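Shown here: data-v5.cif, mmCIF, C-alpha atoms.
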data_data
loop_
_atom_site.label_atom_id
_atom_site.label_comp_id
_atom_site.auth_asym_id
_atom_site.auth_seq_id
_atom_site.Cartn_x
_atom_site.Cartn_y
_atom_site.Cartn_z
CA MET A 186 3.43 6.49 -28.12
CA VAL A 187 2.97 8.51 -24.93
CA THR A 188 -0.53 8.53 -23.43
CA HIS A 189 -2.35 11.43 -21.80
CA SER A 190 -2.03 9.79 -18.37
CA GLN A 191 1.74 9.43 -18.82
CA VAL A 192 2.08 13.12 -19.72
CA ARG A 193 0.01 14.16 -16.68
CA ALA A 194 1.95 11.86 -14.35
CA GLU A 195 5.19 13.46 -15.54
CA GLN A 196 3.83 17.01 -15.15
CA ARG A 197 2.09 16.56 -11.82
CA TYR A 198 4.24 13.99 -10.00
CA GLY A 199 7.54 13.89 -11.87
CA LEU A 200 7.03 10.26 -12.94
CA SER A 201 8.79 9.99 -16.28
CA GLU A 202 8.10 6.28 -16.79
CA PHE A 203 4.49 6.04 -15.59
CA ASN A 204 2.90 2.66 -16.33
CA PRO A 205 -0.92 2.83 -16.40
CA LEU A 206 -1.21 -0.98 -16.41
CA LYS A 207 0.67 -1.20 -13.11
CA VAL A 208 -1.79 1.30 -11.59
CA LEU A 209 -4.77 -0.66 -12.92
CA LYS A 210 -3.38 -3.83 -11.34
CA GLU A 211 -3.14 -2.06 -7.95
CA ILE A 212 -6.74 -0.84 -8.31
CA LEU A 213 -8.09 -4.24 -9.37
CA ASP A 214 -6.19 -5.91 -6.51
CA ASP A 215 -7.93 -3.45 -4.16
CA HIS A 216 -4.68 -1.78 -3.04
CA CYS A 217 -6.25 1.66 -3.27
CA ILE A 218 -8.99 3.91 -1.98
CA GLN A 219 -11.85 4.93 -4.20
CA VAL A 220 -12.45 8.66 -3.72
CA GLU A 221 -15.22 9.34 -6.18
CA GLU A 222 -17.57 7.60 -8.58
CA ASN A 223 -19.23 9.69 -11.30
CA TYR A 224 -21.62 7.95 -13.64
CA GLU A 225 -22.30 11.11 -15.68
CA LYS A 226 -18.59 11.41 -16.54
CA PHE A 227 -18.28 7.60 -16.67
CA SER A 228 -15.28 7.76 -14.35
CA ARG A 229 -13.88 6.81 -10.96
CA ILE A 230 -11.13 8.49 -8.95
CA PHE A 231 -8.73 6.49 -6.81
CA TYR A 232 -5.77 7.16 -4.52
CA VAL A 233 -3.08 4.65 -5.45
CA ARG A 234 0.45 4.12 -4.15
CA TYR A 235 2.82 4.03 -7.09
CA ASN A 236 6.63 4.11 -6.78
CA ASN A 237 6.39 5.41 -3.21
CA LYS A 238 4.10 8.27 -4.20
CA TYR A 239 0.36 8.57 -3.68
CA LEU A 240 -1.39 9.41 -6.94
CA ARG A 241 -4.93 10.54 -7.69
CA VAL A 242 -5.86 8.48 -10.73
CA VAL A 243 -8.97 8.77 -12.90
CA THR A 244 -10.17 5.64 -14.66
CA ASP A 245 -13.18 4.89 -16.76
CA TYR A 246 -16.22 3.68 -14.83
CA ASN A 247 -15.43 0.01 -15.52
CA VAL A 248 -11.78 0.46 -14.47
CA SER A 249 -10.44 -0.83 -17.77
CA PHE A 250 -8.07 2.07 -18.54
CA VAL A 251 -6.51 5.13 -16.89
CA LYS A 252 -7.91 8.40 -18.20
CA THR A 253 -5.61 10.83 -16.41
CA VAL A 254 -3.65 11.56 -13.26
CA LEU A 255 -4.92 14.46 -11.16
CA PRO A 256 -2.90 16.90 -9.07
CA ASP A 257 -2.38 16.01 -5.43
CA THR A 258 -4.71 17.43 -2.80
CA SER A 259 -4.01 18.18 0.83
CA ASP A 260 -6.65 15.79 2.20
CA PHE A 261 -4.40 13.87 4.61
CA ASN A 262 -7.25 11.68 5.93
CA ILE A 263 -7.50 9.87 2.60
CA ILE A 264 -3.73 9.37 2.45
CA GLU A 265 -3.72 8.06 6.01
CA LYS A 266 -6.49 5.55 5.19
CA LEU A 267 -4.52 4.38 2.17
CA ILE A 268 -1.33 3.94 4.20
CA ASN A 269 -3.21 1.89 6.80
CA LYS A 270 -4.88 -0.23 4.14
CA LEU A 271 -1.58 -0.94 2.38
CA ALA A 272 0.12 -1.73 5.71
CA ASN A 273 -2.50 -4.41 6.35
CA PHE A 274 -1.74 -6.03 2.99
CA SER A 275 1.99 -6.19 3.65
CA VAL A 276 1.35 -7.81 7.05
CA VAL A 277 -0.80 -10.48 5.38
CA ALA A 278 1.84 -11.13 2.71
#

Can the structure in the file be given as structure tokens, please?
Amino acid sequence: MVTHSQVRAEQRYGLSEFNPLKVLKEILDDHCIQVEENYEKFSRIFYVRYNNKYLRVVTDYNVSFVKTVLPDTSDFNIIEKLINKLANFSVVA
């Protein structure tokens, strides 16, 4: 069964074998940047590095499942922060 997030990842980023659980693990391990938190929509938006691409991922508010994958934006400052944050983790490892 293909999920909505898998369909959107294929359409928007060309990721044919998108694994939402892998993205959730990155988020829960704090290897991401939270962009938005919306209690009315019960969702959070994150920038996550996945298979050498930076994805905008929407989860539920509790970060227990991936709702969808959003189209990329041109906000380079967020991408740059994510790259720096991920670089720090690889240095520690």

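A straight line drawn from atom CA of Thr253 of chain A to atom CA of Met186 of chain A is 15.4 Å long.
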
(request) Apply the PyMOL selection byres ((chain A and resi 231) around 6) to the displayed file and report the matching residues as a PyMOL selection string. (result) chain A and resi 218-220+230+232+241-242

(request) Tell me which residues the PyMOL selection byres ((chain A and resi 236) around 12) grabs here, as a list in words. (result) Ala194, Tyr198, Gly199, Leu200, Ser201, Glu202, Phe203, Asn204, Lys207, Val208, Glu211, Val233, Arg234, Tyr235, Asn237, Lys238, Tyr239 and Leu240 of chain A

(message) Residue by residue, what does the PyMOL selection byres ((chain A and resi 257) around 8) grab here? Present the result as a PyMOL selection string.
(response) chain A and resi 197+240-241+255-256+258-259

(request) Would you mind reading off the distance between atom CA of Lys270 of chain A and atom CA of Cys217 of chain A, one decimal, in Å? (result)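 Atom CA of Cys217 of chain A lies 7.8 Å from atom CA of Lys270 of chain A.
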
(message) For a quick check of your reading of the model, name the residues lying within 6 Å of the coordinate (-11.9, 4.2, -11.6), counting all atoms listed in the file, and write them as a ChimeraX atom specification.
(response) /A:228-230,243-246,248

(request) Give the answer as one residue: which of A:Asn223, A:Ser249, A:Asp214, A:Gln191 has the shortest atom-to-atom distance to Leu271 of chain A, using all atoms listed in the file? (result)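 Nearest candidate to Leu271 of chain A out of A:Asn223, A:Ser249, A:Asp214, A:Gln191: A:Asp214.
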
(request) Measuring atom to atom with all atoms listed in the file, identify which of A:Arg193, A:Thr188, A:Glu221, A:Lys226 is nearest to Ile263 of chain A. (result)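 Distance minimum relative to Ile263 of chain A lands on A:Glu221.
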
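One finds atom CA of Val192 of chain A at 23.3 Å from atom CA of Glu222 of chain A.
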
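Nearest to Val187 of chain A of all the residues A:Leu267, A:Phe274, A:Pro205, A:Lys210 is A:Pro205, counting all atoms listed in the file.
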
(message) Nearest residue to Asn273 of chain A out of A:His216, A:His189, A:Phe227, A:Leu209, using all atoms listed in the file?
(response) A:His216
